[in-house]
$ cat coords-v2.pdb   # PDB, C-alpha atoms
MODEL        1
ATOM      1  CA  MET Z 264      16.432  17.462 -15.734  1.00  0.00           C
ATOM      2  CA  ASN Z 265      17.303  20.721 -13.959  1.00  0.00           C
ATOM      3  CA  ALA Z 266      19.423  20.564 -10.826  1.00  0.00           C
ATOM      4  CA  LEU Z 267      17.708  20.657  -7.447  1.00  0.00           C
ATOM      5  CA  THR Z 268      18.484  23.119  -4.698  1.00  0.00           C
ATOM      6  CA  ALA Z 269      19.669  21.727  -1.369  1.00  0.00           C
ATOM      7  CA  ILE Z 270      16.213  21.973   0.212  1.00  0.00           C
ATOM      8  CA  GLN Z 271      14.539  20.467  -2.868  1.00  0.00           C
ATOM      9  CA  HIS Z 272      16.979  17.567  -2.750  1.00  0.00           C
ATOM     10  CA  ARG Z 273      16.116  17.064   0.923  1.00  0.00           C
ATOM     11  CA  VAL Z 274      12.400  16.969   0.092  1.00  0.00           C
ATOM     12  CA  LEU Z 275      12.912  14.521  -2.779  1.00  0.00           C
ATOM     13  CA  SER Z 276      15.160  12.291  -0.672  1.00  0.00           C
ATOM     14  CA  PHE Z 277      12.439  12.103   1.982  1.00  0.00           C
ATOM     15  CA  VAL Z 278       9.829  11.195  -0.656  1.00  0.00           C
ATOM     16  CA  ILE Z 279      12.058   8.431  -2.043  1.00  0.00           C
ATOM     17  CA  ASP Z 280      12.945   7.133   1.422  1.00  0.00           C
ATOM     18  CA  HIS Z 281       9.266   7.074   2.457  1.00  0.00           C
ATOM     19  CA  GLN Z 282       8.339   5.211  -0.737  1.00  0.00           C
ATOM     20  CA  LYS Z 283      11.043   2.611  -0.136  1.00  0.00           C
ATOM     21  CA  LYS Z 284      10.310   1.999   3.543  1.00  0.00           C
ATOM     22  CA  ARG Z 285       6.510   2.173   3.535  1.00  0.00           C
ATOM     23  CA  GLY Z 286       5.569   1.368  -0.037  1.00  0.00           C
ATOM     24  CA  SER Z 287       3.788   4.705  -0.586  1.00  0.00           C
ATOM     25  CA  PRO Z 288       4.750   8.375  -0.898  1.00  0.00           C
ATOM     26  CA  PRO Z 289       4.319  10.760   2.047  1.00  0.00           C
ATOM     27  CA  THR Z 290       1.503  13.276   2.372  1.00  0.00           C
ATOM     28  CA  VAL Z 291       2.241  16.996   2.084  1.00  0.00           C
ATOM     29  CA  ARG Z 292       1.584  17.306   5.816  1.00  0.00           C
ATOM     30  CA  GLU Z 293       4.182  14.606   6.555  1.00  0.00           C
ATOM     31  CA  ILE Z 294       6.708  16.437   4.391  1.00  0.00           C
ATOM     32  CA  ALA Z 295       5.987  19.709   6.187  1.00  0.00           C
ATOM     33  CA  ALA Z 296       6.459  17.985   9.554  1.00  0.00           C
ATOM     34  CA  ARG Z 297       9.759  16.475   8.446  1.00  0.00           C
ATOM     35  CA  LEU Z 298      11.046  19.885   7.318  1.00  0.00           C
ATOM     36  CA  GLY Z 299       9.777  21.643  10.427  1.00  0.00           C
ATOM     37  CA  TYR Z 300       7.214  23.834   8.648  1.00  0.00           C
ATOM     38  CA  ARG Z 301       4.096  24.967  10.468  1.00  0.00           C
ATOM     39  CA  SER Z 302       2.290  25.498   7.167  1.00  0.00           C
ATOM     40  CA  VAL Z 303       1.889  22.835   4.491  1.00  0.00           C
ATOM     41  CA  ASN Z 304       2.011  25.567   1.829  1.00  0.00           C
ATOM     42  CA  ASN Z 305       5.796  25.748   2.115  1.00  0.00           C
ATOM     43  CA  ALA Z 306       6.039  22.030   1.396  1.00  0.00           C
ATOM     44  CA  ARG Z 307       3.601  22.353  -1.519  1.00  0.00           C
ATOM     45  CA  GLN Z 308       5.749  25.091  -3.064  1.00  0.00           C
ATOM     46  CA  HIS Z 309       8.854  22.895  -2.936  1.00  0.00           C
ATOM     47  CA  LEU Z 310       6.923  20.005  -4.485  1.00  0.00           C
ATOM     48  CA  ARG Z 311       5.680  22.246  -7.317  1.00  0.00           C
ATOM     49  CA  LEU Z 312       9.231  23.316  -8.125  1.00  0.00           C
ATOM     50  CA  ILE Z 313      10.500  19.723  -7.989  1.00  0.00           C
ATOM     51  CA  GLU Z 314       7.673  18.701 -10.327  1.00  0.00           C
ATOM     52  CA  ARG Z 315       8.582  21.459 -12.795  1.00  0.00           C
ATOM     53  CA  LYS Z 316      12.117  20.117 -12.864  1.00  0.00           C
ATOM     54  CA  GLY Z 317      10.806  16.706 -13.896  1.00  0.00           C
ATOM     55  CA  TYR Z 318      11.510  14.546 -10.847  1.00  0.00           C
ATOM     56  CA  ILE Z 319       7.956  13.910  -9.649  1.00  0.00           C
ATOM     57  CA  ARG Z 320       4.370  14.217 -10.825  1.00  0.00           C
ATOM     58  CA  HIS Z 321       1.439  15.322  -8.669  1.00  0.00           C
ATOM     59  CA  ILE Z 322      -1.821  13.370  -8.899  1.00  0.00           C
ATOM     60  CA  PRO Z 323      -4.742  15.696  -8.034  1.00  0.00           C
ATOM     61  CA  GLY Z 324      -7.272  14.592  -5.447  1.00  0.00           C
ATOM     62  CA  LYS Z 325      -5.066  12.049  -3.667  1.00  0.00           C
ATOM     63  CA  ALA Z 326      -3.591  12.521  -0.194  1.00  0.00           C
ATOM     64  CA  ARG Z 327      -0.503  10.560  -1.238  1.00  0.00           C
ATOM     65  CA  GLY Z 328      -0.556  11.810  -4.803  1.00  0.00           C
ATOM     66  CA  ILE Z 329       3.189  12.139  -5.397  1.00  0.00           C
ATOM     67  CA  GLU Z 330       4.468   9.920  -8.185  1.00  0.00           C
ATOM     68  CA  LEU Z 331       8.199   9.475  -8.744  1.00  0.00           C
ATOM     69  CA  ILE Z 332       9.571   9.788 -12.255  1.00  0.00           C
ATOM     70  CA  VAL Z 333      12.443   7.346 -12.187  1.00  0.00           C
ATOM     71  CA  GLY Z 334      15.644   7.413 -14.172  1.00  0.00           C
ATOM     72  CA  PHE Z 335      17.610   9.881 -12.061  1.00  0.00           C
ATOM     73  CA  GLU Z 336      18.788   7.562  -9.299  1.00  0.00           C
ATOM     74  CA  ARG Z 337      20.304   4.090  -9.280  1.00  0.00           C
ATOM     75  CA  GLU Z 338      21.284   2.028  -6.257  1.00  0.00           C
ATOM     76  CA  SER Z 339      23.940  -0.623  -6.589  1.00  0.00           C
ATOM     77  CA  GLY Z 340      22.617  -4.092  -5.893  1.00  0.00           C
ATOM     78  CA  ASN Z 341      18.976  -3.015  -5.957  1.00  0.00           C
ATOM     79  CA  GLU Z 342      18.286  -3.084  -9.660  1.00  0.00           C
ATOM     80  CA  LEU Z 343      15.404  -5.111 -11.038  1.00  0.00           C
ATOM     81  CA  GLN Z 344      14.972  -6.086 -14.679  1.00  0.00           C
ATOM     82  CA  VAL Z 345      11.343  -5.918 -15.859  1.00  0.00           C
ATOM     83  CA  PRO Z 346      10.074  -6.720 -19.357  1.00  0.00           C
ATOM     84  CA  LEU Z 347       9.329  -4.094 -21.979  1.00  0.00           C
ATOM     85  CA  VAL Z 348       6.411  -5.737 -23.758  1.00  0.00           C
ATOM     86  CA  GLY Z 349       5.648  -3.444 -26.642  1.00  0.00           C
ATOM     87  CA  ARG Z 350       3.943  -0.123 -27.192  1.00  0.00           C
ATOM     88  CA  ILE Z 351       0.746   1.377 -25.861  1.00  0.00           C
ATOM     89  CA  ALA Z 352      -1.308   4.240 -27.233  1.00  0.00           C
ATOM     90  CA  ALA Z 353      -1.817   7.568 -25.507  1.00  0.00           C
ATOM     91  CA  GLY Z 354      -4.375   8.699 -28.047  1.00  0.00           C
ATOM     92  CA  ALA Z 355      -6.461   6.450 -30.259  1.00  0.00           C
ATOM     93  CA  PRO Z 356      -5.970   2.822 -29.153  1.00  0.00           C
ATOM     94  CA  VAL Z 357      -3.575   0.745 -31.220  1.00  0.00           C
ATOM     95  CA  THR Z 358      -3.359  -3.015 -31.510  1.00  0.00           C
ATOM     96  CA  ALA Z 359      -1.705  -4.438 -28.394  1.00  0.00           C
ATOM     97  CA  VAL Z 360       1.769  -5.780 -29.140  1.00  0.00           C
ATOM     98  CA  GLU Z 361       2.622  -8.637 -26.811  1.00  0.00           C
ATOM     99  CA  ASN Z 362       6.067  -9.526 -28.110  1.00  0.00           C
ATOM    100  CA  LEU Z 363       8.981  -8.823 -25.807  1.00  0.00           C
ATOM    101  CA  GLU Z 364      11.122  -5.849 -26.874  1.00  0.00           C
ATOM    102  CA  GLY Z 365      13.674  -6.159 -24.099  1.00  0.00           C
ATOM    103  CA  TYR Z 366      14.109  -5.307 -20.426  1.00  0.00           C
ATOM    104  CA  VAL Z 367      14.122  -2.088 -18.409  1.00  0.00           C
ATOM    105  CA  THR Z 368      16.063  -1.598 -15.178  1.00  0.00           C
ATOM    106  CA  ILE Z 369      14.168  -0.140 -12.202  1.00  0.00           C
ATOM    107  CA  ASP Z 370      14.898   0.233  -8.488  1.00  0.00           C
ATOM    108  CA  ARG Z 371      13.392  -2.737  -6.628  1.00  0.00           C
ATOM    109  CA  ASN Z 372      13.185  -0.684  -3.412  1.00  0.00           C
ATOM    110  CA  ILE Z 373      10.907   1.905  -5.006  1.00  0.00           C
ATOM    111  CA  PHE Z 374       8.793  -0.387  -7.151  1.00  0.00           C
ATOM    112  CA  ARG Z 375       7.882  -3.438  -5.135  1.00  0.00           C
ATOM    113  CA  GLY Z 376       5.650  -6.388  -5.796  1.00  0.00           C
ATOM    114  CA  GLU Z 377       5.133  -8.976  -8.471  1.00  0.00           C
ATOM    115  CA  GLY Z 378       3.794  -8.559 -11.973  1.00  0.00           C
ATOM    116  CA  LEU Z 379       5.644  -5.388 -12.966  1.00  0.00           C
ATOM    117  CA  PHE Z 380       6.159  -4.644 -16.637  1.00  0.00           C
ATOM    118  CA  THR Z 381       6.785  -1.611 -18.820  1.00  0.00           C
ATOM    119  CA  LEU Z 382       5.191  -0.228 -21.965  1.00  0.00           C
ATOM    120  CA  ARG Z 383       6.261   2.527 -24.322  1.00  0.00           C
ATOM    121  CA  VAL Z 384       3.809   5.420 -24.788  1.00  0.00           C
ATOM    122  CA  LYS Z 385       2.783   6.504 -28.240  1.00  0.00           C
ATOM    123  CA  GLY Z 386       0.785   9.698 -28.760  1.00  0.00           C
ATOM    124  CA  SER Z 387      -0.101  12.812 -26.798  1.00  0.00           C
ATOM    125  CA  SER Z 388      -3.471  12.217 -25.140  1.00  0.00           C
ATOM    126  CA  MET Z 389      -1.928  11.952 -21.649  1.00  0.00           C
ATOM    127  CA  ILE Z 390       0.370  14.962 -21.927  1.00  0.00           C
ATOM    128  CA  GLY Z 391      -1.618  16.869 -19.298  1.00  0.00           C
ATOM    129  CA  ALA Z 392      -0.543  14.237 -16.761  1.00  0.00           C
ATOM    130  CA  GLY Z 393       3.087  14.695 -17.753  1.00  0.00           C
ATOM    131  CA  ILE Z 394       3.140  11.552 -19.932  1.00  0.00           C
ATOM    132  CA  HIS Z 395       4.752  12.235 -23.295  1.00  0.00           C
ATOM    133  CA  ASP Z 396       5.217  10.355 -26.535  1.00  0.00           C
ATOM    134  CA  GLY Z 397       8.154   7.969 -26.154  1.00  0.00           C
ATOM    135  CA  ASP Z 398       7.976   7.754 -22.349  1.00  0.00           C
ATOM    136  CA  ILE Z 399       8.039   4.332 -20.721  1.00  0.00           C
ATOM    137  CA  VAL Z 400       5.339   3.659 -18.145  1.00  0.00           C
ATOM    138  CA  ILE Z 401       5.822   1.165 -15.327  1.00  0.00           C
ATOM    139  CA  VAL Z 402       2.721  -0.923 -14.724  1.00  0.00           C
ATOM    140  CA  ARG Z 403       1.697  -3.293 -11.939  1.00  0.00           C
ATOM    141  CA  GLN Z 404      -0.597  -6.043 -13.184  1.00  0.00           C
ATOM    142  CA  GLN Z 405      -3.959  -5.961 -11.407  1.00  0.00           C
ATOM    143  CA  PRO Z 406      -7.540  -6.516 -12.568  1.00  0.00           C
ATOM    144  CA  ASP Z 407      -8.952  -3.253 -11.231  1.00  0.00           C
ATOM    145  CA  VAL Z 408      -7.912   0.247 -10.117  1.00  0.00           C
ATOM    146  CA  GLU Z 409      -9.341   2.918  -7.844  1.00  0.00           C
ATOM    147  CA  ASN Z 410     -11.414   5.742  -9.261  1.00  0.00           C
ATOM    148  CA  ASN Z 411      -9.309   8.422 -11.018  1.00  0.00           C
ATOM    149  CA  GLU Z 412      -6.170   6.288 -11.354  1.00  0.00           C
ATOM    150  CA  ILE Z 413      -4.281   5.868 -14.630  1.00  0.00           C
ATOM    151  CA  ALA Z 414      -4.369   2.364 -16.052  1.00  0.00           C
ATOM    152  CA  VAL Z 415      -3.555   0.214 -19.025  1.00  0.00           C
ATOM    153  CA  VAL Z 416      -6.849  -0.912 -20.532  1.00  0.00           C
ATOM    154  CA  ILE Z 417      -7.592  -3.394 -23.301  1.00  0.00           C
ATOM    155  CA  ILE Z 418     -10.684  -2.677 -25.398  1.00  0.00           C
ATOM    156  CA  GLU Z 419     -11.584  -5.552 -27.722  1.00  0.00           C
ATOM    157  CA  GLY Z 420      -7.940  -6.386 -28.284  1.00  0.00           C
ATOM    158  CA  GLU Z 421      -6.790  -2.758 -28.405  1.00  0.00           C
ATOM    159  CA  ALA Z 422      -4.557  -1.314 -25.667  1.00  0.00           C
ATOM    160  CA  THR Z 423      -4.638   2.254 -24.370  1.00  0.00           C
ATOM    161  CA  LEU Z 424      -3.433   4.304 -21.397  1.00  0.00           C
ATOM    162  CA  LYS Z 425      -6.121   6.446 -19.780  1.00  0.00           C
ATOM    163  CA  ARG Z 426      -7.442   7.772 -16.484  1.00  0.00           C
ATOM    164  CA  VAL Z 427     -10.240   5.497 -15.243  1.00  0.00           C
ATOM    165  CA  ILE Z 428     -13.332   7.329 -13.989  1.00  0.00           C
ATOM    166  CA  LYS Z 429     -16.050   5.223 -12.349  1.00  0.00           C
ATOM    167  CA  GLU Z 430     -19.555   6.696 -12.496  1.00  0.00           C
ATOM    168  CA  GLY Z 431     -22.215   4.329 -11.227  1.00  0.00           C
ATOM    169  CA  ASP Z 432     -22.671   1.504 -13.742  1.00  0.00           C
ATOM    170  CA  ARG Z 433     -20.322   2.956 -16.301  1.00  0.00           C
ATOM    171  CA  VAL Z 434     -16.570   3.418 -16.735  1.00  0.00           C
ATOM    172  CA  VAL Z 435     -15.149   6.476 -18.456  1.00  0.00           C
ATOM    173  CA  LEU Z 436     -11.660   6.413 -19.934  1.00  0.00           C
ATOM    174  CA  ARG Z 437     -10.438  10.001 -19.862  1.00  0.00           C
ATOM    175  CA  ALA Z 438      -7.504  11.549 -21.656  1.00  0.00           C
ATOM    176  CA  GLU Z 439      -5.371  14.326 -20.181  1.00  0.00           C
ATOM    177  CA  ASN Z 440      -5.587  16.394 -23.352  1.00  0.00           C
ATOM    178  CA  PRO Z 441      -8.672  18.431 -24.357  1.00  0.00           C
ATOM    179  CA  ALA Z 442      -8.178  17.374 -27.972  1.00  0.00           C
ATOM    180  CA  PHE Z 443      -9.297  13.843 -27.055  1.00  0.00           C
ATOM    181  CA  GLY Z 444     -12.828  12.993 -25.931  1.00  0.00           C
ATOM    182  CA  ASP Z 445     -13.963  10.563 -23.259  1.00  0.00           C
ATOM    183  CA  MET Z 446     -14.601   6.910 -24.049  1.00  0.00           C
ATOM    184  CA  THR Z 447     -17.561   5.558 -22.090  1.00  0.00           C
ATOM    185  CA  PHE Z 448     -18.277   1.905 -21.371  1.00  0.00           C
ATOM    186  CA  PHE Z 449     -20.920   0.146 -19.323  1.00  0.00           C
ATOM    187  CA  SER Z 450     -20.237  -2.690 -16.910  1.00  0.00           C
ATOM    188  CA  ASN Z 451     -21.044  -5.355 -19.497  1.00  0.00           C
ATOM    189  CA  SER Z 452     -18.743  -3.839 -22.109  1.00  0.00           C
ATOM    190  CA  LYS Z 453     -15.654  -5.644 -23.327  1.00  0.00           C
ATOM    191  CA  LEU Z 454     -13.212  -3.666 -21.230  1.00  0.00           C
ATOM    192  CA  TRP Z 455     -10.256  -5.285 -19.489  1.00  0.00           C
ATOM    193  CA  ILE Z 456      -8.044  -3.420 -17.015  1.00  0.00           C
ATOM    194  CA  VAL Z 457      -4.566  -4.867 -17.334  1.00  0.00           C
ATOM    195  CA  GLY Z 458      -2.837  -2.922 -14.604  1.00  0.00           C
ATOM    196  CA  LYS Z 459      -2.189   0.331 -12.765  1.00  0.00           C
ATOM    197  CA  MET Z 460       0.466   2.799 -13.823  1.00  0.00           C
ATOM    198  CA  VAL Z 461       2.914   3.132 -10.914  1.00  0.00           C
ATOM    199  CA  GLY Z 462       5.798   5.031 -12.473  1.00  0.00           C
ATOM    200  CA  LEU Z 463       7.295   6.721 -15.491  1.00  0.00           C
ATOM    201  CA  MET Z 464      10.706   6.701 -17.147  1.00  0.00           C
ATOM    202  CA  ARG Z 465      11.998   9.319 -19.556  1.00  0.00           C
ATOM    203  CA  ARG Z 466      15.273   9.798 -21.311  1.00  0.00           C
ATOM    204  CA  CYS Z 467      16.837  12.999 -20.002  1.00  0.00           C
TER
ENDMDL
END
$ encode --input "coords-v2.pdb" --output "structure tokens"
Amino acid sequence: MNALTAIQHRVLSFVIDHQKKRGSPPTVREIAARLGYRSVNNARQHLRLIERKGYIRHIPGKARGIELIVGFERESGNELQVPLVGRIAAGAPVTAVENLEGYVTIDRNIFRGEGLFTLRVKGSSMIGAGIHDGDIVIVRQQPDVENNEIAVVIIEGEATLKRVIKEGDRVVLRAENPAFGDMTFFSNSKLWIVGKMVGLMRRC
């Protein structure tokens, strides 16, 4: 990762602190207020530069659409071991592997709640969302997600990582790579949402 400037570090520290204390990232307007900017565009510019340097990812269409990419900060005494339970496809689905590969250390103050686990990404279908082959995604187990969120989905025993688009009585699993088409399912299809992606780890 590239080094942050002093102001970028201040912005990132506020994002991390907000996530820890309130369980969600701040809005751009809240960041602008914290930095004393009258215009939110200044805050947006800092966030874009921080994203380019690999510390965060922006989720379009969400007021609190800042997602931390962990792995750059550790806090003594606040580490949490969560299971790494195999690999997941970011492309064509592959057979879900449920055997335990090991454990991954995350910051318990940033990623709260029960039912956290990690999966290793395989493939390039989510590269447009900043998710690359070999990355480790942090997932919170839950049976459903909001529209346009990224989730781990099981399709007839096959696991994949996709953006979930809800359109009336159907669910569309959408890649973040134009080389991969949508997968469409109706409400009675054999589709099981395992959990919501809440973070990403990458070897620097």
$ resolve_selection --input "coords-v2.pdb" --expression "the PyMOL selection byres ((chain Z and resi 395-398) around 8)" --output "PDB file with C-alpha atoms, keeping the file's coordinate frame"
ATOM      1  CA  ALA Z 353      -1.817   7.568 -25.507  1.00  0.00           C
ATOM      2  CA  ARG Z 383       6.261   2.527 -24.322  1.00  0.00           C
ATOM      3  CA  VAL Z 384       3.809   5.420 -24.788  1.00  0.00           C
ATOM      4  CA  LYS Z 385       2.783   6.504 -28.240  1.00  0.00           C
ATOM      5  CA  GLY Z 386       0.785   9.698 -28.760  1.00  0.00           C
ATOM      6  CA  SER Z 387      -0.101  12.812 -26.798  1.00  0.00           C
ATOM      7  CA  MET Z 389      -1.928  11.952 -21.649  1.00  0.00           C
ATOM      8  CA  ILE Z 390       0.370  14.962 -21.927  1.00  0.00           C
ATOM      9  CA  GLY Z 393       3.087  14.695 -17.753  1.00  0.00           C
ATOM     10  CA  ILE Z 394       3.140  11.552 -19.932  1.00  0.00           C
ATOM     11  CA  ILE Z 399       8.039   4.332 -20.721  1.00  0.00           C
ATOM     12  CA  VAL Z 400       5.339   3.659 -18.145  1.00  0.00           C
ATOM     13  CA  LEU Z 463       7.295   6.721 -15.491  1.00  0.00           C
ATOM     14  CA  MET Z 464      10.706   6.701 -17.147  1.00  0.00           C
ATOM     15  CA  ARG Z 465      11.998   9.319 -19.556  1.00  0.00           C
ATOM     16  CA  ARG Z 466      15.273   9.798 -21.311  1.00  0.00           C
TER      17      ARG Z 466
END
$ atom_distance --input "coords-v2.pdb" --atom1 "CA of Glu330 in chain Z" --atom2 "CA of Leu267 in chain Z"
17.1 Å
$ atom_distance --input "coords-v2.pdb" --atom1 "CA of Tyr366 in chain Z" --atom2 "CA of Asp407 in chain Z"
24.9 Å
$ resolve_selection --input "coords-v2.pdb" --expression "the PyMOL selection byres ((chain Z and resi 439) around 12)" --output "list in words"
Ile322, Ala353, Gly354, Gly386, Ser387, Ser388, Met389, Ile390, Gly391, Ala392, Gly393, Ile394, His395, Asn411, Glu412, Ile413, Leu424, Lys425, Arg426, Val427, Leu436, Arg437, Ala438, Asn440, Pro441, Ala442, Phe443, Gly444 and Asp445 of chain Z
$ atom_distance --input "coords-v2.pdb" --atom1 "CA of Gly458 in chain Z" --atom2 "CA of Lys284 in chain Z"
22.9 Å
$ residues_near_point --input "coords-v2.pdb" --point "(15.3, 10.2, -1.1)" --cutoff "12 Å" --atoms "all atoms listed in the file" --output "ChimeraX atom specification"
/Z:270-284,288-289,294,318-319,331,333,335-338,372-373
$ resolve_selection --input "coords-v2.pdb" --expression "the PyMOL selection byres ((chain Z and resi 311) around 12)" --output "PyMOL selection string"
chain Z and resi 271+274-275+291+304-310+312-322+329
$ residues_around --input "coords-v2.pdb" --residues "Val345 in chain Z" --least-positions-apart "3" --cutoff "10 Å" --atoms "all atoms listed in the file" --output "PyMOL selection string"
chain Z and resi 342+348+365-369+371+378-381+401
$ closest_residue --input "coords-v2.pdb" --among "Z:Ser287, Z:Thr268, Z:Gln344, Z:Thr423" --to "Leu454 in chain Z" --atoms "only C-alpha atoms"
Z:Thr423
$ residues_near_point --input "coords-v2.pdb" --point "(-2.3, -6.2, -7.3)" --cutoff "12 Å" --atoms "only C-alpha atoms" --output "VMD selection string"
chain Z and resid 375 to 379 402 to 409 456 to 461
$ residues_around --input "coords-v2.pdb" --residues "Val435 in chain Z" --least-positions-apart "5" --cutoff "9 Å" --atoms "only C-alpha atoms" --output "PyMOL selection string"
chain Z and resi 426-430+445-449
$ closest_residue --input "coords-v2.pdb" --among "Z:Lys325, Z:Gly299, Z:Leu382, Z:Asn410" --to "Gly431 in chain Z" --atoms "only C-alpha atoms"
Z:Asn410
$ closest_residue --input "coords-v2.pdb" --among "Z:Gly286, Z:Phe374, Z:Arg327, Z:Glu293" --to "Leu343 in chain Z" --atoms "all atoms listed in the file"
Z:Phe374
